[in-house]
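Trainee: Contents of work.txt (compact mmCIF, C-alpha atoms and all ligand atoms) are below:
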# COMPACT_ATOMS: atom_id res chain seq x y z
CA MET O 5 49.97 51.35 173.99
CA SER O 6 49.75 53.28 174.88
CA VAL O 7 50.94 56.46 173.37
CA ILE O 8 51.99 57.35 169.86
CA ILE O 9 54.57 59.73 168.38
CA ASP O 10 53.49 61.77 165.36
CA ASP O 11 55.42 63.45 162.55
CA THR O 12 56.18 66.59 164.58
CA CYS O 13 58.90 64.60 166.38
CA ILE O 14 62.20 66.50 166.12
CA MET O 15 64.22 63.40 167.08
CA CYS O 16 65.76 64.97 170.19
CA ASP O 17 66.12 61.62 172.03
CA ALA O 18 64.63 62.89 175.33
CA CYS O 19 61.74 60.41 175.45
CA LEU O 20 63.92 57.41 174.70
CA GLN O 21 66.21 58.32 177.60
CA ASN O 22 63.30 58.56 180.04
CA CYS O 23 61.09 55.58 179.24
CA PRO O 24 61.17 53.21 182.23
CA VAL O 25 60.63 50.10 180.12
CA ASN O 26 62.70 50.94 177.02
CA ALA O 27 59.62 50.97 174.81
CA ILE O 28 60.89 53.72 172.50
CA VAL O 29 63.23 53.30 169.54
CA ASP O 30 64.89 56.03 167.48
CA ASP O 31 64.26 56.86 163.84
CA MET O 32 67.04 54.53 162.71
CA HIS O 33 65.27 51.61 164.38
CA ASN O 34 61.68 52.63 163.67
CA PRO O 35 60.19 49.38 162.31
CA THR O 36 57.65 51.29 160.20
CA GLY O 37 60.48 53.02 158.32
CA GLU O 38 59.19 56.49 159.13
CA SER O 39 61.59 59.28 160.05
CA ARG O 40 60.55 59.72 163.65
CA TYR O 41 60.92 58.03 167.01
CA TYR O 42 58.51 55.14 167.61
CA VAL O 43 56.78 53.75 170.69
CA GLN O 44 56.57 49.96 170.61
CA PRO O 45 52.99 49.38 171.77
CA GLU O 46 53.80 45.81 172.76
CA LYS O 47 56.19 47.21 175.39
CA CYS O 48 54.63 50.50 176.57
CA ILE O 49 52.87 50.37 179.95
CA GLU O 50 51.72 54.02 179.91
CA CYS O 51 54.11 54.41 182.88
CA VAL O 52 51.53 52.70 185.15
CA GLY O 53 53.03 51.84 188.51
CA VAL O 54 56.15 53.87 187.82
CA PHE O 55 55.09 57.48 187.23
CA ASP O 56 51.81 59.41 187.50
CA ASP O 57 51.96 60.45 183.84
CA PRO O 58 53.68 59.18 180.71
CA GLN O 59 57.25 60.41 181.07
CA CYS O 60 57.86 60.57 177.33
CA ALA O 61 55.11 63.15 176.87
CA ALA O 62 56.11 65.04 179.99
CA ILE O 63 59.62 65.62 178.66
CA CYS O 64 58.90 65.98 174.94
CA PRO O 65 59.69 69.54 173.72
CA SER O 66 57.36 69.24 170.74
CA ILE O 67 53.97 69.93 172.32
CA GLY O 68 51.26 67.65 171.00
CA CYS O 69 53.73 65.26 169.40
CA ILE O 70 52.82 62.40 171.74
CA THR O 71 49.15 61.48 171.93
CA TRP O 72 47.11 58.77 173.60
CA ASP O 73 46.55 55.59 171.68
CA MET O 74 44.16 52.78 172.53
CA PRO O 75 44.90 50.34 175.37
CA TYR O 76 47.05 47.41 174.27
CA THR O 77 44.36 44.85 175.09
CA LYS O 78 42.45 42.11 173.28
CA ALA O 79 39.59 44.52 172.62
CA TYR O 80 41.91 46.49 170.33
CA GLU O 81 43.58 43.58 168.59
CA GLU O 82 42.34 44.73 165.19
CA HIS O 83 43.43 48.32 165.80
CA TYR O 84 47.02 47.24 166.31
CA MET O 85 47.26 44.33 163.93
CA GLN O 86 45.59 45.82 160.87
CA SER O 87 47.30 49.19 160.59
CA ASP O 88 50.57 50.08 158.89
CA ARG O 89 51.08 52.58 161.70
CA TYR O 90 52.55 49.72 163.74
CA ALA O 91 55.04 46.92 163.28
CA ILE O 92 54.47 44.60 166.22
CA GLY O 93 57.52 42.70 167.40
CA THR O 94 57.99 39.06 168.20
CA SER O 95 59.19 37.17 171.26
CA ARG O 96 62.50 35.30 171.31
CA SER O 97 60.62 32.18 170.33
CA GLY O 98 59.20 33.99 167.33
CA LYS O 99 55.66 34.49 168.61
CA LEU O 100 53.97 37.71 167.56
CA LEU O 101 53.50 39.94 170.61
CA SER O 102 49.95 40.92 169.68
CA PRO O 103 47.50 42.29 172.28
CA SER O 104 45.84 38.89 172.53
CA HIS O 105 49.21 37.30 173.19
CA ARG O 106 50.03 39.66 176.05
CA GLU O 107 47.94 42.61 177.19
CA LYS O 108 49.82 45.59 178.62
CA LYS O 109 48.99 47.84 181.54
CA TYR O 110 47.22 51.08 180.65
CA ARG O 111 45.85 54.15 182.39
CA GLU O 112 42.29 53.08 183.22
CA ASP O 113 41.35 56.68 184.06
CA ILE O 114 41.83 57.66 180.40
CA PRO O 115 38.64 56.48 178.63
CA PRO O 116 38.59 55.27 175.01
CA GLU O 117 36.91 58.49 173.84
CA ALA O 118 39.87 60.48 175.18
CA ARG O 119 42.24 58.37 173.09
CA GLY O 120 43.23 58.56 169.46
CA VAL O 121 45.43 60.56 167.15
CA GLY O 122 45.46 64.17 168.30
CA LYS O 123 44.35 63.51 171.88
CA GLU O 124 47.27 65.06 173.71
CA VAL O 125 48.72 63.21 176.68
CA GLN O 126 49.38 66.53 178.38
CA GLU O 127 45.67 67.29 178.68
CA GLU O 128 43.75 66.30 181.77
CA PRO O 129 40.79 63.92 181.25
CA GLU O 130 38.45 66.52 182.77
CA ALA O 131 39.55 69.08 180.22
CA LEU O 132 38.84 66.67 177.39
CA GLU O 133 35.38 65.91 178.70
CA ALA O 134 34.59 69.60 179.09
CA GLY O 135 35.86 70.39 175.62
S1 LIG E 201 54.15 56.14 178.25
FE1 LIG E 201 55.83 55.53 179.63
S2 LIG E 201 56.16 53.36 179.15
FE2 LIG E 201 55.03 54.24 177.42
S3 LIG E 201 56.58 54.91 175.93
FE3 LIG E 201 56.07 56.68 177.23
S4 LIG E 201 57.64 56.65 178.85
FE4 LIG E 201 57.60 54.58 177.90
S1 LIG E 202 60.94 63.68 173.08
FE1 LIG E 202 59.42 64.20 171.49
S2 LIG E 202 60.58 65.28 169.88
FE2 LIG E 202 62.07 64.21 171.21
S3 LIG E 202 62.44 62.23 170.19
FE3 LIG E 202 60.78 61.90 171.69
S4 LIG E 202 58.86 62.23 170.55
FE4 LIG E 202 60.54 63.09 169.33
Let me see the file written as structure tokens.
Mentor:
Amino acid sequence: MSVIIDDTCIMCDACLQNCPVNAIVDDMHNPTGESRYYVQPEKCIECVGVFDDPQCAAICPSIGCITWDMPYTKAYEEHYMQSDRYAIGTSRSGKLLSPSHREKKYREDIPPEARGVGKEVQEEPEALEAG
């Protein structure tokens, strides 16, 4: 990841329709069992190389619902593997798609301190630093 969807999701389906890499699943397929849409961090590329900003957040009608999460890289292996917030998938051969198995692209202009639950994707990095 990436980005994360919180419990203000109204399950409108807009983000799922607009993700360029099909990283989002609906509430029926949310592997954590929660009643909300879910971004699969092992698939999300933060829209790098496709769009300037995460399209899911740009189209989401529930402001603040989608926030920045940590980069899906080896440095954050523990973050992703030791939280019940995630249910990391496996490859066809059954290998766990952990950050150390395969790092994903992420927005390098969004620093770690601008990431975390509640750090809205819609906000500009400059605004976060000033605030
Ligand atoms: S940030 Fe982009 S790649 Fe990631 S879930 Fe949202 S739309 Fe998909
Ligand atoms: S666009 Fe927002 S409210 Fe709609 S399903 Fe996605 S996260 Fe939920």
Trainee: Which value, in Å to one decimal, gives the distance between CA of Ala91 (chain O) and CA of Val54 (chain O)?
Mentor: 25.5 Å
Trainee: As a PyMOL selection string, please: every protein or nucleic acid residue near ligand LIG 202 (chain E) (cut-off 6 Å, counting all atoms listed in the file).
Mentor: chain O and resi 9+13-19+41+64-66
Trainee: Enumerate as an NGL selection string the residues within 7 Å of ligand LIG 201 (chain E), counting all atoms listed in the file.
Mentor: :O and (5-7 or 19 or 22-28 or 43 or 48-51 or 58-61)
Trainee: How far is it from CA of Lys109 (chain O) to CA of Lys78 (chain O), in Å with one decimal?
Mentor: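 These atoms are spaced 12.0 Å apart.
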Trainee: Go ahead and find all residues with at least one atom no further than 9 Å from (54.9, 47.9, 157.4) in the file's coordinates, using only C-alpha atoms; report them as a VMD selection string.
Mentor: chain O and resid 35 to 37 87 to 91
Trainee: If we draw a sphere of 9 Å around (45.4, 57.0, 169.8), which residues have at least one atom in it when counting only C-alpha atoms? Please report them as a list in words.
Mentor: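 Residues satisfying the cut-off, written out: Met5, Ser6, Val7, Ile8, Thr71, Trp72, Asp73, Met74, Pro75, Pro116, Ala118, Arg119, Gly120, Val121, Gly122 and Lys123 of chain O.
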Trainee: Between CA of Leu20 (chain O) and CA of Lys108 (chain O), what is the spacing in Å?
Mentor: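 Pair CA of Lys108 (chain O) / CA of Leu20 (chain O) returns 18.8 Å.
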Trainee: Point out the residue among O:Tyr42, O:His83, O:Glu112, O:Tyr76 with the least atom-to-atom distance to Asp30 (chain O), counting all atoms listed in the file.
Mentor: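 So, comparing all the options, the nearest one is O:Tyr42.
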